[in-house]
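The structure appears right after this line, and notes come after that.
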Amino acid sequence: MKIFKIPSIWPFSFYQEKPTAIRVFPCPACKETISADADNCRFCHLPIATATAERLLLENQRVTNAVASANTFRLSISLAALVILWWIIGVLTKDPSPAVFLPLVGIGYGALWLYRYGSLTTSDVDYPLAVKRVKRITLIWLLALVLPWGISKLSVPEHRLVTQETIEIQGTDPPVFVLSGPGSITYFGVGVFSPALPEKSPNRVQFIWEIFPHDIFSTTIESVGQIAYATVPPGFSQSTPANGPPPPLAPLEPGKYYVFYLLTMGAPHVMGAFEMKDGKTSRVYGLPFCVEFNEKGEGVWTRCRGDENPAK
């Protein structure tokens, strides 16, 4: 089949160019290409009515558009391969940044093509190949969307707070949080937990120390290494207390529960609770210091997900 239109070079273009002045279609009897202005086929001499010629011309143009669009869609295979490669490199470098937009566009293009052209009735030998090609490329884009998520889930372990003692916070007073794992730090804070307050009270956790990195993209967990309570690491700014340091923060008191929140980008968040015992920091499990919304949209304090004692 001859194609008399030039497809757009942009792989995701939905633009359809106007038909050219060359008006041809395949003869319904012998399948040879004939002019739409002819009264009969010049090969088999089949009479062609004007209405029939216009109908066959439109059908031929639609098949031509379908095949041309499928050929254009084929150009996106290399882009899909680059997206998958980008994901794999991100997983290996511990910075898996999801590239969702391009796979969604590719899947959407393939779905729209199948909706518009997937059920045409034609004897054109190129059309069945175009249908198979679009289905195959759409599947590749689907893999580009789903496969990297699976790779990241299998290959990237959740980061954790690591200390000299298993799942304990290093040091005495002040405690030192030793960090390891992938991802970048976006926030770190320490608060006082008040179990006597009701679950709907917004003041159940009072933050006493909060810091933010200057650059959330380059402040990786591995580059920071550890955070000592009340000491602002290089590249961070303190927001609570607003005017410190100085003056220095008050020491942590025995008999109180404290919670820490490590929010990250590119890895799961880490949250936990601890208390001071005999001048040492001791990890506490099971306290409801995380907020979830109930069916009424009310914030309720609950136990954080993943806050289990690994020793049990």
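To be explicit about the labels: the chains of the structure tokens are called A, B, and onward in the order shown, and within each one the residues are counted from 1, while ligands get numbers from 1 in the order they are shown.
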
Considering only strand (DSSP E or B) as DSSP defines it on the backbone, what residues of range 115-265 of chain A qualify? List them as a ChimeraX atom specification.
/A:160-161,170,176-180,184-193,205-213,220,226-228,236-240,257-265

Selection near Pro103 in chain A, 7 Å with only C-alpha atoms, sequence-local residues under 6 positions removed, as a ChimeraX atom specification:
/A:141-142,144-145

Write the residues of the preceding selection, restricted to C-alpha atoms, as a PDB file, in the first residue's frame.
```
ATOM      1  CA  TRP A 141       5.203   1.342  27.550  1.00  0.00           C
ATOM      2  CA  LEU A 142       3.149  -0.528  30.156  1.00  0.00           C
ATOM      3  CA  ALA A 144       8.142   0.924  31.324  1.00  0.00           C
ATOM      4  CA  LEU A 145       5.549   2.056  33.851  1.00  0.00           C
TER       5      LEU A 145
END
```

To one decimal place in Å, what is the distance between CA of Arg74 in chain A and CA of Ile140 in chain A?
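Going from CA of Arg74 in chain A over to CA of Ile140 in chain A covers 10.7 Å.
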
Rank nothing, just name the residue among A:Tyr109, A:Tyr229, A:Trp86, A:Tyr285 nearest to Pro174 in chain A, using only C-alpha atoms.
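Checking each candidate against Pro174 in chain A, we get A:Tyr229 as the closest.
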
Quick one: residues within 6 Å of Ala70 in chain A, only C-alpha atoms, excluding same-chain residues fewer than 3 positions away - as a list in words?
Val67, Phe73, Ala130 and Val134 of chain A

Output N, CA and C atoms of each residue in that selection to a file, as a CSV table (one decimal), in the first residue's frame.
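again-v2.csv written:
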```
chain,number,residue,atom,x,y,z
A,67,VAL,N,-2.1,3.3,9.6
A,67,VAL,CA,-0.7,2.7,9.4
A,67,VAL,C,0.4,3.8,9.6
A,73,PHE,N,4.3,5.8,15.9
A,73,PHE,CA,4.4,5.3,17.3
A,73,PHE,C,5.6,4.4,17.5
A,130,ALA,N,0.1,-3.2,11.5
A,130,ALA,CA,0.0,-2.0,12.3
A,130,ALA,C,-0.7,-2.2,13.6
A,134,VAL,N,1.1,-1.7,17.2
A,134,VAL,CA,0.6,-0.8,18.3
A,134,VAL,C,0.4,-1.5,19.6
```

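One finds CA of Leu179 in chain A at 14.4 Å from CA of Met265 in chain A.
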
In Å, how far is it from CA of Gly255 in chain A to CA of Arg283 in chain A?
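So the two atoms, CA of Gly255 in chain A and CA of Arg283 in chain A, lie 13.0 Å apart.
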
From A:Glu59, A:Glu308, A:Glu199, A:Glu32, residue lying nearest Glu292 in chain A [only C-alpha atoms]:
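With only C-alpha atoms as the atom set, the closest residue is A:Glu199.
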
Would you mind listing what lies within 6 Å of Thr186 in chain A as a ChimeraX atom specification, with only C-alpha atoms counted and same-chain residues fewer than 4 positions away left out?
/A:216,263-264

Go ahead and save the picked residues with C-alpha atoms, as an mmCIF file, in the first residue's frame.
```cif
data_model
loop_
_atom_site.group_PDB
_atom_site.id
_atom_site.type_symbol
_atom_site.label_atom_id
_atom_site.label_comp_id
_atom_site.auth_asym_id
_atom_site.auth_seq_id
_atom_site.Cartn_x
_atom_site.Cartn_y
_atom_site.Cartn_z
ATOM 1 C CA ILE A 216 16.591 18.414 49.494
ATOM 2 C CA LEU A 263 11.008 12.469 56.226
ATOM 3 C CA THR A 264 12.722 11.571 52.984
#
```

Can you pull out every residue within 12 Å of Asp278 in chain A, counting only C-alpha atoms, but drop anything in the same chain fewer than 3 positions away, and send it as number ranges by chain?
A: 172-173, 252-255, 275, 281-282

Can you write out the residues you just picked, keeping C-alpha atoms, as a PDB file, in the first residue's frame?
```
ATOM      1  CA  THR A 172      23.473   9.021  75.927  1.00  0.00           C
ATOM      2  CA  ASP A 173      22.237  12.559  76.334  1.00  0.00           C
ATOM      3  CA  LEU A 252      15.904  15.445  77.488  1.00  0.00           C
ATOM      4  CA  GLU A 253      14.227  14.382  80.717  1.00  0.00           C
ATOM      5  CA  PRO A 254      13.735  10.873  82.105  1.00  0.00           C
ATOM      6  CA  GLY A 255      10.136   9.746  82.439  1.00  0.00           C
ATOM      7  CA  GLU A 275      12.906   7.646  76.307  1.00  0.00           C
ATOM      8  CA  THR A 281      18.509   6.503  75.165  1.00  0.00           C
ATOM      9  CA  SER A 282      16.113   3.543  74.983  1.00  0.00           C
TER      10      SER A 282
END
```

With only C-alpha atoms as the atoms that count, which of A:Cys27, A:Lys200, A:Ser218, A:Val259 lies nearest to Asn294 in chain A?
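Of all the options, A:Lys200 lies closest to Asn294 in chain A.
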
Between A:Leu139, A:Leu262, A:Ala230, A:Ala242, which is the closest to Pro213 in chain A once you count only C-alpha atoms?
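Among A:Leu139, A:Leu262, A:Ala230, A:Ala242, it is A:Leu262 that comes nearest to Pro213 in chain A.
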
Neighbours of Leu143 in chain A within 10 Å (only C-alpha atoms; same-chain residues fewer than 4 positions away dropped), as a ChimeraX atom specification?
/A:80-81,84,103,107,137-139,147-149

Write a file of the just-selected residues containing C-alpha atoms, as a PDB file, in the first residue's frame.
```pdb
ATOM      1  CA  ALA A  80      10.589   3.610  26.365  1.00  0.00           C
ATOM      2  CA  ALA A  81      13.875   1.708  26.577  1.00  0.00           C
ATOM      3  CA  ILE A  84      13.432   1.691  31.762  1.00  0.00           C
ATOM      4  CA  PRO A 103       4.811   5.975  30.048  1.00  0.00           C
ATOM      5  CA  ILE A 107       0.003   4.022  26.957  1.00  0.00           C
ATOM      6  CA  ILE A 137       4.541  -0.939  21.687  1.00  0.00           C
ATOM      7  CA  THR A 138       1.717  -0.185  24.140  1.00  0.00           C
ATOM      8  CA  LEU A 139       2.767  -3.256  26.118  1.00  0.00           C
ATOM      9  CA  LEU A 147       8.543  -2.931  35.693  1.00  0.00           C
ATOM     10  CA  PRO A 148      10.726  -0.260  37.351  1.00  0.00           C
ATOM     11  CA  TRP A 149       8.361  -0.070  40.337  1.00  0.00           C
TER      12      TRP A 149
END
```
